[in-house]
$ cat query-v7.cif   # mmCIF, C-alpha atoms
data_upload
#
loop_
_atom_site.label_atom_id
_atom_site.label_comp_id
_atom_site.auth_asym_id
_atom_site.auth_seq_id
_atom_site.Cartn_x
_atom_site.Cartn_y
_atom_site.Cartn_z
CA MET A 522 8.93 15.62 59.22
CA ASN A 523 7.16 15.78 62.57
CA PRO A 524 3.52 14.73 63.21
CA ALA A 525 2.13 18.27 63.03
CA GLN A 526 3.88 18.95 59.73
CA LYS A 527 2.57 15.69 58.30
CA ALA A 528 -0.93 16.61 59.47
CA LEU A 529 -0.73 20.07 57.89
CA TRP A 530 0.41 18.60 54.60
CA PHE A 531 -2.38 16.01 54.65
CA ILE A 532 -5.07 18.55 55.57
CA GLU A 533 -4.04 21.00 52.88
CA SER A 534 -3.76 18.34 50.19
CA HIS A 535 -7.13 16.72 51.09
CA LEU A 536 -9.13 19.76 52.11
CA ALA A 537 -12.06 18.97 49.80
CA GLU A 538 -12.24 15.35 50.95
CA PRO A 539 -13.72 13.86 54.13
CA LEU A 540 -11.22 14.28 56.97
CA ALA A 541 -11.39 12.59 60.37
CA LEU A 542 -9.09 12.97 63.35
CA ASP A 543 -8.24 9.26 63.37
CA GLU A 544 -7.12 9.43 59.74
CA ILE A 545 -5.03 12.54 60.30
CA ALA A 546 -3.36 10.86 63.28
CA ARG A 547 -2.67 7.75 61.17
CA ILE A 548 -1.01 9.86 58.49
CA GLY A 549 1.05 11.53 61.19
CA GLY A 550 2.12 8.11 62.45
CA VAL A 551 0.88 8.71 65.98
CA SER A 552 -2.15 8.05 68.17
CA ARG A 553 -5.25 10.23 68.18
CA PHE A 554 -4.27 11.48 71.66
CA HIS A 555 -0.72 12.28 70.52
CA MET A 556 -1.91 14.14 67.40
CA VAL A 557 -4.25 16.39 69.40
CA ARG A 558 -1.39 17.39 71.69
CA ALA A 559 1.31 17.66 68.99
CA PHE A 560 -0.78 19.74 66.58
CA ALA A 561 -1.90 22.11 69.32
CA ALA A 562 1.65 22.50 70.63
CA ALA A 563 2.96 23.33 67.15
CA THR A 564 0.19 25.57 65.81
CA GLY A 565 -1.98 26.77 68.68
CA PHE A 566 -5.07 25.34 66.99
CA PRO A 567 -7.19 22.24 67.62
CA VAL A 568 -6.83 19.95 64.59
CA MET A 569 -10.45 19.86 63.48
CA ARG A 570 -11.07 23.55 64.19
CA TYR A 571 -8.21 24.32 61.83
CA VAL A 572 -9.75 22.02 59.20
CA ARG A 573 -13.12 23.80 59.47
CA ALA A 574 -11.55 27.26 59.37
CA ARG A 575 -9.53 26.40 56.26
CA ARG A 576 -12.55 24.93 54.49
CA LEU A 577 -14.70 27.97 55.25
CA THR A 578 -11.91 30.26 54.05
CA GLU A 579 -11.68 28.48 50.72
CA ALA A 580 -15.46 28.50 50.41
CA ALA A 581 -15.43 32.27 51.02
CA ARG A 582 -12.88 32.71 48.23
CA ALA A 583 -15.04 30.68 45.86
CA LEU A 584 -18.13 32.71 46.76
CA ALA A 585 -16.35 36.02 46.24
CA SER A 586 -15.36 34.73 42.81
CA GLY A 587 -19.01 34.09 42.01
CA ALA A 588 -19.53 30.39 42.76
CA PRO A 589 -23.19 29.81 41.87
CA ASN A 590 -24.01 26.70 43.90
CA ILE A 591 -23.77 27.20 47.65
CA LEU A 592 -24.95 23.65 48.37
CA SER A 593 -22.03 22.23 46.39
CA LEU A 594 -19.63 24.34 48.44
CA ALA A 595 -21.34 23.18 51.63
CA LEU A 596 -20.90 19.52 50.67
CA GLU A 597 -17.25 20.07 49.69
CA ALA A 598 -16.68 21.63 53.12
CA ASP A 599 -18.23 18.52 54.74
CA TYR A 600 -21.48 20.18 55.83
CA GLY A 601 -24.58 18.09 55.28
CA SER A 602 -26.91 20.93 54.33
CA HIS A 603 -27.09 24.49 53.09
CA GLU A 604 -28.42 25.52 56.51
CA ALA A 605 -25.57 23.96 58.51
CA PHE A 606 -23.00 25.52 56.20
CA THR A 607 -24.66 28.94 56.45
CA ARG A 608 -24.65 28.79 60.27
CA ALA A 609 -20.98 27.85 60.40
CA PHE A 610 -20.08 30.45 57.78
CA ARG A 611 -21.93 33.21 59.63
CA ASP A 612 -20.38 32.18 62.95
CA ARG A 613 -16.93 32.36 61.38
CA PHE A 614 -17.23 35.55 59.32
CA GLY A 615 -20.29 37.41 60.58
CA LEU A 616 -21.83 37.34 57.09
CA THR A 617 -23.93 34.88 55.13
CA PRO A 618 -22.53 33.09 52.07
CA GLU A 619 -24.97 35.05 49.89
CA ALA A 620 -23.67 38.35 51.26
CA VAL A 621 -20.06 37.47 50.48
CA ARG A 622 -20.99 36.36 46.98
CA ALA A 623 -22.89 39.62 46.41
CA ALA A 624 -19.98 41.69 47.72
CA THR A 625 -17.48 39.86 45.44
CA SER A 626 -14.82 40.61 48.06
CA ILE A 627 -13.20 38.90 51.02
CA ASP A 628 -11.16 41.90 52.16
CA GLN A 629 -13.32 42.33 55.26
CA LEU A 630 -13.18 38.69 56.33
CA LYS A 631 -10.86 37.14 58.90
CA LEU A 632 -9.50 34.31 56.80
CA GLN A 633 -7.55 31.30 58.00
CA GLU A 634 -4.60 31.00 55.67
CA PRO A 635 -2.54 27.79 55.55
CA ILE A 636 -0.10 27.64 58.43
CA LEU A 637 3.51 27.80 57.39
CA MET A 638 5.17 25.73 60.05
CA ASP A 639 7.91 27.36 62.04
CA SER A 640 10.26 24.43 62.13
CA THR A 641 12.57 26.05 64.65
CA MET A 642 12.58 24.02 67.81
CA ILE A 643 15.04 23.67 70.62
CA ASP A 644 18.21 22.36 69.00
CA ASN A 645 19.79 21.33 72.27
CA LEU A 646 16.92 19.60 74.08
CA ALA A 647 18.66 17.47 76.67
CA ALA A 648 17.83 13.78 76.76
CA PRO A 649 15.26 12.99 79.43
CA ARG A 650 15.66 10.71 82.37
CA PHE A 651 13.04 8.03 82.93
CA GLU A 652 11.15 7.50 86.15
CA THR A 653 8.25 5.38 87.28
CA ALA A 654 6.32 7.51 89.73
CA LYS A 655 3.95 6.08 92.29
CA ALA A 656 0.36 7.31 92.35
CA PHE A 657 -0.25 10.57 94.20
CA LEU A 658 -3.00 13.14 94.73
CA VAL A 659 -2.96 16.76 93.54
CA ALA A 660 -5.36 19.51 94.62
CA GLY A 661 -5.44 23.13 93.55
CA LEU A 662 -7.09 25.72 91.36
CA GLY A 663 -8.09 24.71 87.87
CA GLU A 664 -9.56 26.00 84.64
CA ARG A 665 -10.65 24.56 81.32
CA ILE A 666 -8.06 25.72 78.78
CA ALA A 667 -8.42 25.98 75.01
CA CYS A 668 -5.23 24.98 73.25
CA ASP A 669 -5.19 28.23 71.26
CA ASN A 670 -5.58 30.41 74.34
CA GLY A 671 -3.35 29.59 77.28
CA ALA A 672 -3.18 33.22 78.34
CA GLY A 673 -5.15 32.49 81.51
CA ILE A 674 -2.59 30.08 82.96
CA PRO A 675 -0.26 32.71 84.49
CA GLY A 676 -3.26 34.34 86.18
CA LEU A 677 -4.33 30.95 87.50
CA TRP A 678 -0.89 30.50 89.08
CA ARG A 679 -1.10 33.97 90.59
CA ARG A 680 -4.40 33.11 92.27
CA PHE A 681 -2.99 29.75 93.35
CA GLN A 682 -0.05 31.41 95.10
CA GLN A 683 -2.51 33.50 97.09
CA GLU A 684 -4.45 30.44 98.26
CA VAL A 685 -1.88 27.65 98.49
CA ALA A 686 -1.47 28.08 102.25
CA ASP A 687 -5.17 27.25 102.69
CA ILE A 688 -5.01 23.84 100.99
CA PRO A 689 -5.34 21.18 103.71
CA ALA A 690 -3.21 18.03 104.02
CA ARG A 691 -0.42 19.39 101.83
CA VAL A 692 2.57 17.12 101.29
CA GLY A 693 5.96 18.76 100.65
CA GLU A 694 6.84 22.03 98.95
CA VAL A 695 6.62 20.99 95.28
CA ALA A 696 3.95 22.57 93.04
CA TYR A 697 2.45 20.91 89.98
CA GLY A 698 0.88 22.18 86.77
CA VAL A 699 -1.25 19.25 85.64
CA CYS A 700 -2.75 18.90 82.15
CA CYS A 701 -5.58 16.37 82.16
CA ASN A 702 -9.00 15.47 80.76
CA GLY A 703 -8.07 16.47 77.23
CA ASP A 704 -10.61 16.23 74.44
CA ASP A 705 -10.38 15.87 70.67
CA ALA A 706 -10.73 19.62 70.23
CA GLY A 707 -7.47 20.16 72.11
CA ASN A 708 -9.08 21.57 75.24
CA PHE A 709 -7.89 20.33 78.63
CA ASP A 710 -8.13 20.97 82.34
CA TYR A 711 -5.12 22.70 83.84
CA ILE A 712 -4.62 22.46 87.59
CA ALA A 713 -2.09 24.56 89.49
CA GLY A 714 -1.75 22.51 92.65
CA VAL A 715 0.21 20.66 95.27
CA GLU A 716 0.38 17.09 96.46
CA VAL A 717 -2.04 16.29 99.26
CA ALA A 718 -2.43 13.30 101.55
CA ASP A 719 -6.17 13.02 100.91
CA PHE A 720 -9.17 14.94 99.66
CA SER A 721 -11.41 14.51 102.71
CA ASP A 722 -11.18 18.10 104.02
CA LEU A 723 -10.64 19.80 100.68
CA PRO A 724 -12.98 22.77 100.10
CA ARG A 725 -15.19 22.47 97.03
CA ARG A 726 -13.53 25.38 95.21
CA TYR A 727 -10.41 23.27 94.63
CA MET A 728 -10.03 20.82 91.78
CA ARG A 729 -8.54 17.44 92.52
CA ILE A 730 -6.93 14.65 90.53
CA ARG A 731 -5.27 11.31 91.21
CA ILE A 732 -2.08 10.93 89.19
CA PRO A 733 -1.75 7.19 88.51
CA GLU A 734 1.42 5.14 88.82
CA GLN A 735 3.09 5.70 85.48
CA ARG A 736 6.39 5.69 83.62
CA TYR A 737 7.53 9.16 82.56
CA ALA A 738 10.13 10.81 80.39
CA VAL A 739 11.31 13.76 82.50
CA PHE A 740 12.69 16.84 80.74
CA ILE A 741 14.44 19.84 82.30
CA HIS A 742 13.19 23.25 81.20
CA GLY A 743 15.94 25.56 82.40
CA ASP A 744 14.85 28.73 80.60
CA HIS A 745 12.25 31.26 81.63
CA VAL A 746 8.78 29.79 82.08
CA ALA A 747 7.45 31.93 79.20
CA SER A 748 9.36 29.79 76.70
CA ILE A 749 7.73 26.54 77.83
CA ARG A 750 5.80 26.17 74.57
CA ARG A 751 9.01 25.73 72.55
CA THR A 752 10.11 22.94 74.85
CA ILE A 753 6.72 21.22 74.75
CA ASN A 754 6.60 21.57 70.97
CA THR A 755 10.04 19.95 70.68
CA ILE A 756 9.08 17.10 73.00
CA TRP A 757 5.84 16.22 71.21
CA ASN A 758 6.91 16.87 67.61
CA HIS A 759 10.56 15.83 67.62
CA TRP A 760 11.70 13.81 70.60
CA LEU A 761 8.67 11.57 71.06
CA PRO A 762 8.33 10.47 67.41
CA ALA A 763 12.05 9.71 67.30
CA SER A 764 12.06 7.86 70.62
CA HIS A 765 10.02 4.85 69.41
CA LEU A 766 7.91 5.28 72.54
CA LYS A 767 4.21 6.10 72.59
CA ALA A 768 2.42 8.77 74.56
CA ALA A 769 0.40 7.22 77.36
CA ASP A 770 -3.15 8.51 77.78
CA ALA A 771 -2.52 9.90 81.24
CA PRO A 772 -2.00 13.35 82.79
CA ASN A 773 1.24 15.13 81.99
CA PHE A 774 2.55 17.77 84.32
CA GLU A 775 5.13 20.38 85.16
CA ARG A 776 6.95 19.94 88.47
CA TYR A 777 8.12 23.12 90.22
CA ASP A 778 10.46 22.65 93.19
CA THR A 779 11.85 25.32 95.49
CA ASN A 780 14.44 26.40 92.88
CA PHE A 781 11.68 27.92 90.79
CA ASP A 782 10.95 31.58 91.46
CA SER A 783 7.23 32.19 90.94
CA VAL A 784 7.80 35.97 90.95
CA THR A 785 10.42 36.17 88.20
CA GLY A 786 9.62 32.95 86.31
CA ASN A 787 13.24 31.87 86.52
CA GLY A 788 14.84 28.88 88.17
CA GLY A 789 13.69 26.10 85.86
CA PHE A 790 11.36 23.16 86.35
CA GLU A 791 10.64 19.69 85.02
CA ILE A 792 8.16 18.49 82.41
CA TRP A 793 6.90 14.94 83.00
CA VAL A 794 5.50 13.21 79.91
CA PRO A 795 3.76 9.84 80.36
CA VAL A 796 5.12 7.21 77.98
CA ARG A 797 4.70 3.54 77.19
CA GLU A 798 6.42 1.02 74.93
#
$ encode --input "query-v7.cif" --output "structure tokens"
Amino acid sequence: MNPAQKALWFIESHLAEPLALDEIARIGGVSRFHMVRAFAAATGFPVMRYVRARRLTEAARALASGAPNILSLALEADYGSHEAFTRAFRDRFGLTPEAVRAATSIDQLKLQEPILMDSTMIDNLAAPRFETAKAFLVAGLGERIACDNGAGIPGLWRRFQQEVADIPARVGEVAYGVCCNGDDAGNFDYIAGVEVADFSDLPRRYMRIRIPEQRYAVFIHGDHVASIRRTINTIWNHWLPASHLKAADAPNFERYDTNFDSVTGNGGFEIWVPVRE
């Protein structure tokens, strides 16, 4: 059972109890950082957002069945007050708890049902090679990405291709898709960029990051770029737990050389995952 599956089981079987990200990660047998990435890769949801959505869904069911004590439901859902619960409930469903109880129906609500894990991953993921890369600088266009909405990344690459010639001090022809500055909600900065010699003449519209010297597991993604999520899911939820290595808290990135065709999405690329003993 992979970390995301363990987390889903633990969340669903302890939904009415206090749940913290550190505890969920411990049950999954991985670090907090690893759990955020693995759960998002497998489900498309941040861990704790999923917990809140599931709790509010079950509270809505109880209310539609006539639960008399809203404060008790609020406390079970880990909200400290009736007011905090009502705000979260209204933000989620567009109705107050009292309105749902009066309606005795949840047919109009967008509920978060338990996720049934799609356990299909890449059966033939090739073993990675290992490299220790020296530190280098990347500059390019970036956006803050929510783990459940990566739809803006292709558009970011399209804009990058239109501006890449304007990036000063470029080194080589390789492009990088860097994931960095992740938070516990599963959000991260994504930079479509290139290696540069320095940042001194870089216009302010470009994001910049220093990739530290780091050991990496390097995977080949030979299929179309649109299927990258399956590969990433397999890496984080199958290969890494079985490897006896740990995910290093450092940027991970895709590396696109001249074989990759940015028009068709074919040609393959590499996925570099930072690891440590």
$ residues_around --input "query-v7.cif" --residues "range 685-698 of chain A" --least-positions-apart "3" --cutoff "7 Å" --atoms "all atoms listed in the file" --output "list in words"
Phe681, Gln682, Tyr711, Ile712, Ala713, Gly714, Val715, Glu716, Val717, Ala718, Asp719, Asp722, Leu723, Phe774, Glu775, Arg776, Tyr777, Asp778 and Thr779 of chain A
$ resolve_selection --input "query-v7.cif" --expression "the PyMOL selection byres ((chain A and resi 709) around 8)" --output "tab-separated table (two decimals) with C-alpha atoms, keeping the file's coordinate frame"
chain	number	residue	atom	x	y	z
A	665	ARG	CA	-10.65	24.56	81.32
A	666	ILE	CA	-8.06	25.72	78.78
A	667	ALA	CA	-8.42	25.98	75.01
A	668	CYS	CA	-5.23	24.98	73.25
A	700	CYS	CA	-2.75	18.90	82.15
A	701	CYS	CA	-5.58	16.37	82.16
A	702	ASN	CA	-9.00	15.47	80.76
A	703	GLY	CA	-8.07	16.47	77.23
A	704	ASP	CA	-10.61	16.23	74.44
A	707	GLY	CA	-7.47	20.16	72.11
A	708	ASN	CA	-9.08	21.57	75.24
A	710	ASP	CA	-8.13	20.97	82.34
A	711	TYR	CA	-5.12	22.70	83.84
$ residues_around --input "query-v7.cif" --residues "Ala595 in chain A" --least-positions-apart "2" --cutoff "9 Å" --atoms "only C-alpha atoms" --output "list in words"
Leu577, Ala580, Asn590, Ile591, Leu592, Ser593, Glu597, Ala598, Asp599, Tyr600, Gly601, Ser602, His603, Glu604, Ala605, Phe606 and Thr607 of chain A
$ resolve_selection --input "query-v7.cif" --expression "the PyMOL selection byres ((chain A and resi 532-540) around 7)" --output "PyMOL selection string"
chain A and resi 528-531+541-542+544+572+576+597-599
$ atom_distance --input "query-v7.cif" --atom1 "CA of Glu652 in chain A" --atom2 "CA of Val794 in chain A"
10.2 Å
$ closest_residue --input "query-v7.cif" --among "A:Gly549, A:Ile753, A:Val746, A:Pro733" --to "Ala563 in chain A" --atoms "all atoms listed in the file"
A:Ile753
$ decode --input "query-v7.cif" --residues "range 529-542 of chain A" --atoms "all heavy atoms" --output "mmCIF file, in the first residue's frame"
data_model
loop_
_atom_site.group_PDB
_atom_site.id
_atom_site.type_symbol
_atom_site.label_atom_id
_atom_site.label_comp_id
_atom_site.auth_asym_id
_atom_site.auth_seq_id
_atom_site.Cartn_x
_atom_site.Cartn_y
_atom_site.Cartn_z
ATOM 1 N N LEU A 529 -5.343 7.883 2.899
ATOM 2 C CA LEU A 529 -6.792 7.853 2.676
ATOM 3 C C LEU A 529 -7.476 6.932 3.672
ATOM 4 O O LEU A 529 -8.526 7.262 4.233
ATOM 5 C CB LEU A 529 -7.095 7.419 1.244
ATOM 6 C CG LEU A 529 -6.910 8.489 0.175
ATOM 7 C CD1 LEU A 529 -6.960 7.876 -1.212
ATOM 8 C CD2 LEU A 529 -7.962 9.580 0.315
ATOM 9 N N TRP A 530 -6.883 5.765 3.879
ATOM 10 C CA TRP A 530 -7.464 4.849 4.868
ATOM 11 C C TRP A 530 -7.506 5.494 6.244
ATOM 12 O O TRP A 530 -8.517 5.445 6.948
ATOM 13 C CB TRP A 530 -6.639 3.557 4.943
ATOM 14 C CG TRP A 530 -7.058 2.714 6.115
ATOM 15 C CD1 TRP A 530 -8.109 1.847 6.176
ATOM 16 C CD2 TRP A 530 -6.469 2.727 7.424
ATOM 17 N NE1 TRP A 530 -8.202 1.318 7.430
ATOM 18 C CE2 TRP A 530 -7.214 1.832 8.222
ATOM 19 C CE3 TRP A 530 -5.388 3.401 7.991
ATOM 20 C CZ2 TRP A 530 -6.909 1.593 9.558
ATOM 21 C CZ3 TRP A 530 -5.085 3.168 9.323
ATOM 22 C CH2 TRP A 530 -5.823 2.279 10.090
ATOM 23 N N PHE A 531 -6.403 6.124 6.658
ATOM 24 C CA PHE A 531 -6.331 6.718 7.985
ATOM 25 C C PHE A 531 -7.323 7.870 8.116
ATOM 26 O O PHE A 531 -8.021 7.999 9.139
ATOM 27 C CB PHE A 531 -4.911 7.211 8.249
ATOM 28 C CG PHE A 531 -4.702 7.757 9.629
ATOM 29 C CD1 PHE A 531 -4.717 6.913 10.725
ATOM 30 C CD2 PHE A 531 -4.504 9.107 9.841
ATOM 31 C CE1 PHE A 531 -4.536 7.396 12.014
ATOM 32 C CE2 PHE A 531 -4.316 9.617 11.114
ATOM 33 C CZ PHE A 531 -4.333 8.761 12.198
ATOM 34 N N ILE A 532 -7.419 8.715 7.113
ATOM 35 C CA ILE A 532 -8.354 9.841 7.162
ATOM 36 C C ILE A 532 -9.788 9.344 7.287
ATOM 37 O O ILE A 532 -10.560 9.810 8.130
ATOM 38 C CB ILE A 532 -8.190 10.723 5.907
ATOM 39 C CG1 ILE A 532 -6.856 11.474 5.947
ATOM 40 C CG2 ILE A 532 -9.350 11.712 5.778
ATOM 41 C CD1 ILE A 532 -6.465 12.101 4.628
ATOM 42 N N GLU A 533 -10.145 8.376 6.452
ATOM 43 C CA GLU A 533 -11.533 7.905 6.469
ATOM 44 C C GLU A 533 -11.879 7.167 7.758
ATOM 45 O O GLU A 533 -13.021 7.230 8.219
ATOM 46 C CB GLU A 533 -11.796 7.001 5.256
ATOM 47 C CG GLU A 533 -11.733 7.714 3.931
ATOM 48 C CD GLU A 533 -12.777 8.811 3.806
ATOM 49 O OE1 GLU A 533 -13.851 8.704 4.449
ATOM 50 O OE2 GLU A 533 -12.513 9.787 3.081
ATOM 51 N N SER A 534 -10.920 6.499 8.347
ATOM 52 C CA SER A 534 -11.202 5.740 9.573
ATOM 53 C C SER A 534 -11.039 6.567 10.833
ATOM 54 O O SER A 534 -11.330 6.079 11.930
ATOM 55 C CB SER A 534 -10.309 4.495 9.647
ATOM 56 O OG SER A 534 -8.940 4.853 9.631
ATOM 57 N N HIS A 535 -10.574 7.835 10.705
ATOM 58 C CA HIS A 535 -10.403 8.711 11.869
ATOM 59 C C HIS A 535 -11.006 10.091 11.606
ATOM 60 O O HIS A 535 -10.554 11.083 12.165
ATOM 61 C CB HIS A 535 -8.910 8.849 12.210
ATOM 62 C CG HIS A 535 -8.253 7.576 12.617
ATOM 63 N ND1 HIS A 535 -7.882 6.605 11.709
ATOM 64 C CD2 HIS A 535 -7.904 7.097 13.838
ATOM 65 C CE1 HIS A 535 -7.322 5.593 12.348
ATOM 66 N NE2 HIS A 535 -7.330 5.865 13.639
ATOM 67 N N LEU A 536 -12.031 10.127 10.772
ATOM 68 C CA LEU A 536 -12.544 11.408 10.312
ATOM 69 C C LEU A 536 -13.109 12.265 11.442
ATOM 70 O O LEU A 536 -13.051 13.495 11.391
ATOM 71 C CB LEU A 536 -13.623 11.181 9.249
ATOM 72 C CG LEU A 536 -13.912 12.320 8.276
ATOM 73 C CD1 LEU A 536 -12.667 12.736 7.521
ATOM 74 C CD2 LEU A 536 -15.010 11.923 7.301
ATOM 75 N N ALA A 537 -13.648 11.626 12.480
ATOM 76 C CA ALA A 537 -14.243 12.378 13.584
ATOM 77 C C ALA A 537 -13.244 12.672 14.691
ATOM 78 O O ALA A 537 -13.627 13.193 15.737
ATOM 79 C CB ALA A 537 -15.444 11.618 14.153
ATOM 80 N N GLU A 538 -11.979 12.339 14.475
ATOM 81 C CA GLU A 538 -10.937 12.566 15.465
ATOM 82 C C GLU A 538 -10.002 13.679 14.991
ATOM 83 O O GLU A 538 -9.969 13.998 13.796
ATOM 84 C CB GLU A 538 -10.131 11.283 15.689
ATOM 85 C CG GLU A 538 -10.974 10.097 16.130
ATOM 86 C CD GLU A 538 -10.194 8.801 16.127
ATOM 87 O OE1 GLU A 538 -8.943 8.865 16.155
ATOM 88 O OE2 GLU A 538 -10.824 7.733 16.084
ATOM 89 N N PRO A 539 -9.247 14.279 15.913
ATOM 90 C CA PRO A 539 -8.273 15.296 15.471
ATOM 91 C C PRO A 539 -7.276 14.684 14.489
ATOM 92 O O PRO A 539 -6.750 13.586 14.717
ATOM 93 C CB PRO A 539 -7.584 15.717 16.769
ATOM 94 C CG PRO A 539 -8.575 15.389 17.844
ATOM 95 C CD PRO A 539 -9.282 14.152 17.374
ATOM 96 N N LEU A 540 -7.045 15.381 13.392
ATOM 97 C CA LEU A 540 -6.104 14.916 12.371
ATOM 98 C C LEU A 540 -5.121 16.034 12.066
ATOM 99 O O LEU A 540 -5.520 17.165 11.823
ATOM 100 C CB LEU A 540 -6.835 14.521 11.087
ATOM 101 C CG LEU A 540 -7.661 13.229 11.109
ATOM 102 C CD1 LEU A 540 -8.473 13.105 9.828
ATOM 103 C CD2 LEU A 540 -6.758 12.016 11.276
ATOM 104 N N ALA A 541 -3.842 15.704 12.062
ATOM 105 C CA ALA A 541 -2.798 16.667 11.728
ATOM 106 C C ALA A 541 -1.941 16.093 10.613
ATOM 107 O O ALA A 541 -1.791 14.872 10.489
ATOM 108 C CB ALA A 541 -1.935 16.975 12.949
ATOM 109 N N LEU A 542 -1.368 16.963 9.803
ATOM 110 C CA LEU A 542 -0.559 16.521 8.678
ATOM 111 C C LEU A 542 0.613 15.652 9.126
ATOM 112 O O LEU A 542 0.926 14.640 8.485
ATOM 113 C CB LEU A 542 -0.053 17.738 7.896
ATOM 114 C CG LEU A 542 0.804 17.449 6.664
ATOM 115 C CD1 LEU A 542 0.075 16.560 5.677
ATOM 116 C CD2 LEU A 542 1.201 18.769 5.995
#
